[in-house]
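For reference, input28.cif (mmCIF, N, CA and C atoms):
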```
data_model
loop_
_atom_site.label_atom_id
_atom_site.label_comp_id
_atom_site.auth_asym_id
_atom_site.auth_seq_id
_atom_site.Cartn_x
_atom_site.Cartn_y
_atom_site.Cartn_z
N MET A 1 146.31 -16.12 30.77
CA MET A 1 146.46 -15.72 29.40
C MET A 1 145.16 -16.01 28.65
N ALA A 2 144.72 -15.09 27.84
CA ALA A 2 143.47 -15.25 27.11
C ALA A 2 143.61 -16.31 26.03
N LYS A 3 142.50 -16.98 25.76
CA LYS A 3 142.50 -18.00 24.72
C LYS A 3 142.87 -17.35 23.39
N GLY A 4 143.74 -18.00 22.66
CA GLY A 4 144.19 -17.46 21.38
C GLY A 4 145.46 -16.63 21.50
N ASP A 5 145.88 -16.34 22.72
CA ASP A 5 147.14 -15.60 22.92
C ASP A 5 148.27 -16.61 22.81
N VAL A 6 149.00 -16.59 21.71
CA VAL A 6 150.03 -17.59 21.46
C VAL A 6 151.39 -17.19 22.00
N ARG A 7 151.48 -16.04 22.64
CA ARG A 7 152.77 -15.60 23.17
C ARG A 7 153.38 -16.65 24.08
N GLU A 8 152.54 -17.35 24.81
CA GLU A 8 153.01 -18.38 25.73
C GLU A 8 153.71 -19.51 24.99
N PHE A 9 153.36 -19.73 23.73
CA PHE A 9 153.87 -20.87 22.98
C PHE A 9 154.97 -20.52 22.01
N GLU A 10 155.28 -19.27 21.87
CA GLU A 10 156.34 -18.85 20.95
C GLU A 10 157.70 -19.11 21.59
N ASP A 11 158.62 -19.60 20.77
CA ASP A 11 159.99 -19.79 21.26
C ASP A 11 160.69 -18.43 21.34
N PRO A 12 161.46 -18.23 22.41
CA PRO A 12 162.23 -16.98 22.47
C PRO A 12 163.33 -16.99 21.42
N SER A 13 163.82 -15.81 21.12
CA SER A 13 164.89 -15.70 20.12
C SER A 13 166.17 -16.32 20.68
N ALA A 14 167.10 -16.61 19.78
CA ALA A 14 168.40 -17.16 20.18
C ALA A 14 169.14 -16.19 21.09
N ASP A 15 169.00 -14.90 20.84
CA ASP A 15 169.66 -13.89 21.68
C ASP A 15 169.10 -13.92 23.10
N VAL A 16 167.79 -14.03 23.22
CA VAL A 16 167.16 -14.07 24.54
C VAL A 16 167.59 -15.33 25.29
N LEU A 17 167.60 -16.46 24.59
CA LEU A 17 168.03 -17.71 25.23
C LEU A 17 169.49 -17.64 25.67
N ALA A 18 170.34 -17.05 24.84
CA ALA A 18 171.75 -16.92 25.19
C ALA A 18 171.93 -16.02 26.41
N GLU A 19 171.17 -14.94 26.48
CA GLU A 19 171.24 -14.03 27.62
C GLU A 19 170.75 -14.72 28.89
N ALA A 20 169.67 -15.48 28.79
CA ALA A 20 169.16 -16.20 29.95
C ALA A 20 170.16 -17.26 30.41
N ALA A 21 170.76 -17.97 29.47
CA ALA A 21 171.75 -19.00 29.82
C ALA A 21 172.95 -18.37 30.51
N ALA A 22 173.37 -17.22 30.05
CA ALA A 22 174.50 -16.54 30.69
C ALA A 22 174.14 -16.13 32.12
N ALA A 23 172.93 -15.61 32.31
CA ALA A 23 172.50 -15.21 33.66
C ALA A 23 172.41 -16.43 34.58
N PHE A 24 171.80 -17.50 34.08
CA PHE A 24 171.71 -18.72 34.89
C PHE A 24 173.09 -19.31 35.14
N GLY A 25 174.00 -19.17 34.17
CA GLY A 25 175.36 -19.65 34.37
C GLY A 25 176.05 -18.92 35.51
N LEU A 26 175.84 -17.61 35.59
CA LEU A 26 176.41 -16.85 36.70
C LEU A 26 175.80 -17.27 38.03
N LEU A 27 174.53 -17.61 38.02
CA LEU A 27 173.86 -18.02 39.26
C LEU A 27 174.14 -19.47 39.61
N ALA A 28 174.86 -20.19 38.75
CA ALA A 28 175.21 -21.58 39.04
C ALA A 28 176.31 -21.69 40.09
N SER A 29 176.93 -20.59 40.43
CA SER A 29 177.94 -20.55 41.50
C SER A 29 177.21 -20.37 42.83
N ALA A 30 177.49 -21.25 43.78
CA ALA A 30 176.84 -21.16 45.10
C ALA A 30 177.15 -19.82 45.76
N ALA A 31 178.38 -19.33 45.62
CA ALA A 31 178.74 -18.05 46.23
C ALA A 31 177.95 -16.90 45.61
N ARG A 32 177.86 -16.87 44.28
CA ARG A 32 177.12 -15.79 43.63
C ARG A 32 175.63 -15.90 43.92
N LEU A 33 175.11 -17.11 43.99
CA LEU A 33 173.70 -17.28 44.33
C LEU A 33 173.44 -16.80 45.76
N HIS A 34 174.36 -17.08 46.67
CA HIS A 34 174.22 -16.61 48.05
C HIS A 34 174.25 -15.08 48.09
N ILE A 35 175.13 -14.48 47.31
CA ILE A 35 175.18 -13.02 47.22
C ILE A 35 173.85 -12.47 46.69
N MET A 36 173.34 -13.09 45.65
CA MET A 36 172.06 -12.64 45.09
C MET A 36 170.94 -12.80 46.10
N TRP A 37 170.95 -13.91 46.84
CA TRP A 37 169.94 -14.14 47.88
C TRP A 37 170.02 -13.02 48.92
N ALA A 38 171.23 -12.71 49.35
CA ALA A 38 171.41 -11.66 50.36
C ALA A 38 170.94 -10.31 49.81
N LEU A 39 171.30 -10.00 48.57
CA LEU A 39 170.90 -8.71 47.99
C LEU A 39 169.41 -8.66 47.68
N ALA A 40 168.79 -9.79 47.48
CA ALA A 40 167.33 -9.82 47.29
C ALA A 40 166.61 -9.42 48.58
N GLN A 41 167.30 -9.58 49.71
CA GLN A 41 166.72 -9.19 51.01
C GLN A 41 166.95 -7.71 51.29
N GLY A 42 167.92 -7.09 50.60
CA GLY A 42 168.19 -5.67 50.80
C GLY A 42 169.62 -5.34 50.39
N GLU A 43 169.86 -4.08 50.16
CA GLU A 43 171.18 -3.65 49.69
C GLU A 43 172.25 -3.85 50.75
N SER A 44 173.50 -3.89 50.28
CA SER A 44 174.61 -4.15 51.20
C SER A 44 175.92 -3.71 50.56
N ASP A 45 176.91 -3.46 51.40
CA ASP A 45 178.24 -3.19 50.88
C ASP A 45 179.03 -4.50 50.88
N VAL A 46 180.20 -4.48 50.27
CA VAL A 46 180.98 -5.70 50.08
C VAL A 46 181.44 -6.30 51.42
N THR A 47 181.74 -5.46 52.40
CA THR A 47 182.19 -5.97 53.70
C THR A 47 181.09 -6.77 54.38
N HIS A 48 179.88 -6.24 54.40
CA HIS A 48 178.77 -6.96 55.02
C HIS A 48 178.41 -8.21 54.24
N LEU A 49 178.51 -8.14 52.92
CA LEU A 49 178.25 -9.34 52.11
C LEU A 49 179.28 -10.42 52.40
N ALA A 50 180.54 -10.04 52.52
CA ALA A 50 181.58 -11.02 52.82
C ALA A 50 181.34 -11.68 54.17
N ASP A 51 180.92 -10.88 55.15
CA ASP A 51 180.60 -11.44 56.47
C ASP A 51 179.41 -12.40 56.38
N ARG A 52 178.39 -12.00 55.65
CA ARG A 52 177.18 -12.82 55.57
C ARG A 52 177.40 -14.09 54.77
N VAL A 53 178.09 -13.96 53.65
CA VAL A 53 178.30 -15.09 52.75
C VAL A 53 179.45 -15.98 53.22
N GLY A 54 180.35 -15.39 53.97
CA GLY A 54 181.47 -16.16 54.49
C GLY A 54 182.63 -16.27 53.52
N GLY A 55 182.77 -15.31 52.64
CA GLY A 55 183.87 -15.33 51.68
C GLY A 55 184.88 -14.25 51.96
N ALA A 56 186.02 -14.38 51.33
CA ALA A 56 187.06 -13.35 51.44
C ALA A 56 186.63 -12.12 50.65
N LEU A 57 186.99 -10.96 51.14
CA LEU A 57 186.62 -9.70 50.51
C LEU A 57 186.97 -9.65 49.02
N PRO A 58 188.21 -10.02 48.61
CA PRO A 58 188.53 -9.97 47.18
C PRO A 58 187.65 -10.90 46.34
N ALA A 59 187.34 -12.08 46.86
CA ALA A 59 186.50 -13.02 46.12
C ALA A 59 185.09 -12.48 45.96
N ILE A 60 184.54 -11.91 47.03
CA ILE A 60 183.19 -11.33 46.95
C ILE A 60 183.17 -10.17 45.97
N SER A 61 184.21 -9.35 45.98
CA SER A 61 184.31 -8.24 45.03
C SER A 61 184.33 -8.74 43.59
N GLN A 62 185.05 -9.82 43.34
CA GLN A 62 185.09 -10.39 41.98
C GLN A 62 183.72 -10.92 41.56
N HIS A 63 183.05 -11.59 42.48
CA HIS A 63 181.70 -12.09 42.17
C HIS A 63 180.75 -10.92 41.88
N LEU A 64 180.84 -9.87 42.68
CA LEU A 64 179.98 -8.70 42.46
C LEU A 64 180.28 -8.04 41.12
N THR A 65 181.54 -8.00 40.74
CA THR A 65 181.90 -7.42 39.44
C THR A 65 181.26 -8.21 38.31
N LYS A 66 181.31 -9.53 38.39
CA LYS A 66 180.70 -10.37 37.35
C LYS A 66 179.19 -10.17 37.31
N LEU A 67 178.56 -10.14 38.47
CA LEU A 67 177.12 -9.94 38.53
C LEU A 67 176.72 -8.56 38.01
N LYS A 68 177.56 -7.59 38.30
CA LYS A 68 177.30 -6.22 37.83
C LYS A 68 177.45 -6.13 36.31
N LEU A 69 178.51 -6.73 35.78
CA LEU A 69 178.72 -6.72 34.32
C LEU A 69 177.57 -7.41 33.58
N ALA A 70 176.99 -8.43 34.21
CA ALA A 70 175.87 -9.14 33.60
C ALA A 70 174.55 -8.40 33.77
N GLY A 71 174.56 -7.31 34.53
CA GLY A 71 173.34 -6.54 34.73
C GLY A 71 172.41 -7.11 35.79
N LEU A 72 172.91 -8.05 36.59
CA LEU A 72 172.07 -8.65 37.63
C LEU A 72 172.07 -7.83 38.92
N VAL A 73 173.14 -7.07 39.16
CA VAL A 73 173.19 -6.17 40.31
C VAL A 73 173.67 -4.80 39.84
N ARG A 74 173.39 -3.81 40.65
CA ARG A 74 173.87 -2.45 40.40
C ARG A 74 174.52 -1.96 41.68
N SER A 75 175.17 -0.83 41.57
CA SER A 75 175.80 -0.26 42.76
C SER A 75 175.71 1.25 42.71
N ARG A 76 175.88 1.83 43.89
CA ARG A 76 175.96 3.28 44.00
C ARG A 76 176.96 3.60 45.11
N ARG A 77 177.53 4.77 45.03
CA ARG A 77 178.52 5.18 46.00
C ARG A 77 177.81 5.92 47.14
N GLU A 78 178.17 5.54 48.36
CA GLU A 78 177.72 6.25 49.56
C GLU A 78 178.96 6.61 50.35
N GLY A 79 179.44 7.82 50.17
CA GLY A 79 180.70 8.22 50.79
C GLY A 79 181.83 7.38 50.23
N ARG A 80 182.51 6.65 51.11
CA ARG A 80 183.63 5.81 50.67
C ARG A 80 183.19 4.38 50.35
N ARG A 81 181.94 4.05 50.63
CA ARG A 81 181.46 2.68 50.39
C ARG A 81 180.73 2.57 49.06
N GLN A 82 180.83 1.39 48.49
CA GLN A 82 180.06 1.04 47.31
C GLN A 82 178.92 0.14 47.81
N VAL A 83 177.68 0.52 47.57
CA VAL A 83 176.53 -0.24 48.02
C VAL A 83 175.93 -0.97 46.82
N TYR A 84 175.71 -2.27 46.99
CA TYR A 84 175.19 -3.11 45.91
C TYR A 84 173.73 -3.44 46.17
N PHE A 85 172.98 -3.60 45.07
CA PHE A 85 171.56 -3.92 45.18
C PHE A 85 171.08 -4.56 43.89
N VAL A 86 169.96 -5.24 43.99
CA VAL A 86 169.28 -5.82 42.83
C VAL A 86 168.04 -4.95 42.62
N ASP A 87 167.95 -4.32 41.47
CA ASP A 87 166.78 -3.47 41.26
C ASP A 87 165.82 -4.05 40.21
N ASP A 88 166.05 -5.29 39.83
CA ASP A 88 165.16 -5.96 38.88
C ASP A 88 164.26 -6.91 39.68
N PRO A 89 162.98 -6.56 39.85
CA PRO A 89 162.11 -7.39 40.67
C PRO A 89 161.95 -8.82 40.12
N ASP A 90 162.11 -8.99 38.83
CA ASP A 90 162.00 -10.34 38.25
C ASP A 90 163.17 -11.22 38.69
N VAL A 91 164.37 -10.65 38.74
CA VAL A 91 165.54 -11.41 39.21
C VAL A 91 165.36 -11.77 40.67
N VAL A 92 164.89 -10.82 41.47
CA VAL A 92 164.63 -11.09 42.89
C VAL A 92 163.62 -12.21 43.03
N THR A 93 162.56 -12.19 42.23
CA THR A 93 161.53 -13.22 42.29
C THR A 93 162.09 -14.59 41.95
N VAL A 94 162.89 -14.67 40.89
CA VAL A 94 163.47 -15.96 40.49
C VAL A 94 164.37 -16.51 41.59
N VAL A 95 165.23 -15.68 42.14
CA VAL A 95 166.16 -16.14 43.19
C VAL A 95 165.38 -16.56 44.42
N ARG A 96 164.44 -15.73 44.86
CA ARG A 96 163.66 -16.06 46.06
C ARG A 96 162.85 -17.32 45.86
N LEU A 97 162.26 -17.48 44.69
CA LEU A 97 161.44 -18.66 44.42
C LEU A 97 162.27 -19.93 44.43
N MET A 98 163.36 -19.94 43.70
CA MET A 98 164.18 -21.14 43.58
C MET A 98 164.82 -21.51 44.91
N VAL A 99 165.51 -20.57 45.53
CA VAL A 99 166.20 -20.85 46.79
C VAL A 99 165.18 -21.13 47.89
N GLY A 100 164.11 -20.36 47.92
CA GLY A 100 163.07 -20.56 48.93
C GLY A 100 162.44 -21.93 48.84
N GLN A 101 162.12 -22.37 47.62
CA GLN A 101 161.51 -23.70 47.43
C GLN A 101 162.45 -24.81 47.89
N LEU A 102 163.72 -24.69 47.53
CA LEU A 102 164.69 -25.72 47.91
C LEU A 102 164.92 -25.72 49.42
N ALA A 103 164.93 -24.54 50.03
CA ALA A 103 165.09 -24.46 51.49
C ALA A 103 163.88 -25.09 52.19
N ASP A 104 162.68 -24.80 51.68
CA ASP A 104 161.47 -25.40 52.26
C ASP A 104 161.51 -26.92 52.13
N ARG A 105 161.92 -27.39 50.97
CA ARG A 105 162.00 -28.84 50.75
C ARG A 105 163.00 -29.48 51.71
N ALA A 106 164.15 -28.84 51.89
CA ALA A 106 165.17 -29.38 52.80
C ALA A 106 164.65 -29.41 54.24
N ARG A 107 163.94 -28.35 54.65
CA ARG A 107 163.37 -28.32 56.00
C ARG A 107 162.33 -29.42 56.17
N TYR A 108 161.49 -29.62 55.16
CA TYR A 108 160.46 -30.66 55.22
C TYR A 108 161.09 -32.04 55.33
N GLU A 109 162.09 -32.28 54.48
CA GLU A 109 162.74 -33.60 54.49
C GLU A 109 163.48 -33.84 55.80
N ALA A 110 163.99 -32.80 56.43
CA ALA A 110 164.70 -32.95 57.69
C ALA A 110 163.76 -33.24 58.85
N THR A 111 162.50 -32.81 58.74
CA THR A 111 161.54 -33.00 59.83
C THR A 111 160.50 -34.07 59.54
N ALA A 112 160.50 -34.59 58.31
CA ALA A 112 159.50 -35.62 57.97
C ALA A 112 159.79 -36.89 58.76
N PRO A 113 158.73 -37.54 59.21
CA PRO A 113 158.95 -38.80 59.94
C PRO A 113 159.58 -39.85 59.04
N VAL A 114 160.43 -40.64 59.63
CA VAL A 114 161.09 -41.70 58.89
C VAL A 114 160.11 -42.85 58.75
N ARG A 115 159.97 -43.32 57.55
CA ARG A 115 159.08 -44.46 57.29
C ARG A 115 159.91 -45.72 57.27
N LEU A 116 159.53 -46.65 58.09
CA LEU A 116 160.23 -47.93 58.11
C LEU A 116 159.47 -48.90 57.23
N VAL A 117 160.22 -49.60 56.42
CA VAL A 117 159.60 -50.59 55.54
C VAL A 117 159.85 -51.96 56.19
N HIS A 118 158.77 -52.65 56.48
CA HIS A 118 158.88 -53.97 57.11
C HIS A 118 158.62 -55.05 56.05
N GLU A 119 159.40 -56.08 56.13
CA GLU A 119 159.15 -57.20 55.22
C GLU A 119 157.92 -57.93 55.70
N THR A 120 157.12 -58.36 54.76
CA THR A 120 155.91 -59.07 55.13
C THR A 120 156.15 -60.57 55.23
N GLY A 121 157.30 -61.00 54.81
CA GLY A 121 157.61 -62.42 54.88
C GLY A 121 157.01 -63.21 53.75
N ALA A 122 156.49 -62.53 52.73
CA ALA A 122 155.86 -63.23 51.62
C ALA A 122 156.87 -63.81 50.68
#
```
Render the structure in this file as structure tokens.
Amino acid sequence: MAKGDVREFEDPSADVLAEAAAAFGLLASAARLHIMWALAQGESDVTHLADRVGGALPAISQHLTKLKLAGLVRSRREGRRQVYFVDDPDVVTVVRLMVGQLADRARYEATAPVRLVHETGA
């Protein structure tokens, strides 16, 4: 950002903050976050999402409905199937960044050598 550009320091409007809080609230569900992670990798129908996420078909459908109403996912009809996708690259970036960072951290902590603390006898 160029010097003197104060956009970085301006507070967002109450409406923007409320919309962001609602979106983050929807992503606070592990199941919905898993669905978003899966859809960030590519489009899918509800049956494949249920298999991947490990949820019951009706529950996955309800989660998708909430995500769709919030504008986080979209769908299109392909014959008899409804195909879901995320077409907002910013949402994909946020999900991939957050989940990816936490997954990397978990992998690192699982493989990091254990440090033993020895008493010095002092």
Practice problem: Write out as a PyMOL selection string the residues lying within 12 Å of range 57-61 of chain A, counting only C-alpha atoms and excluding same-chain residues fewer than 2 positions away. | Solution: chain A and resi 29-36+44-55+63-68+75+82-84
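The gap separating CA of Trp37 in chain A from atom N of Ala20 in chain A is 19.1 Å, in Å to one decimal.
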Self-check item: Interatomic distance (Å, one decimal) between CA of Ala40 in chain A and atom N of Glu19 in chain A
Solution: 21.8 Å
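Ranking A:Gly71, A:Gly25, A:Gly100, A:Pro12 by their shortest atom-to-atom distance to Val86 in chain A, with all atoms listed in the file included, puts A:Gly71 first.
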Quiz prompt | Backbone-only DSSP, alpha helix (DSSP H) members of chain A, as a PyMOL selection string | solution = chain A and resi 14-27+30-41+46-53+57-69+89-111
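Atom to atom, CA of Val99 in chain A and atom C of Asp15 in chain A stand 24.9 Å apart.
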Practice problem: Would you please give, as a ChimeraX atom specification, all residues of chain A that DSSP assigns to strand (DSSP E or B) based on the backbone? | Solution: /A:44-45,74-78,81-85
Where's the centre, and what are the edge lengths in Å to one decimal, of a box along x, y and z enclosing all listed atoms of range 43-50 of chain A padded 5 Å per side, as lines of an AutoDock Vina configuration file?
```
center_x = 176.0
center_y = -7.4
center_z = 52.4
size_x = 22.3
size_y = 18.5
size_z = 15.3
```
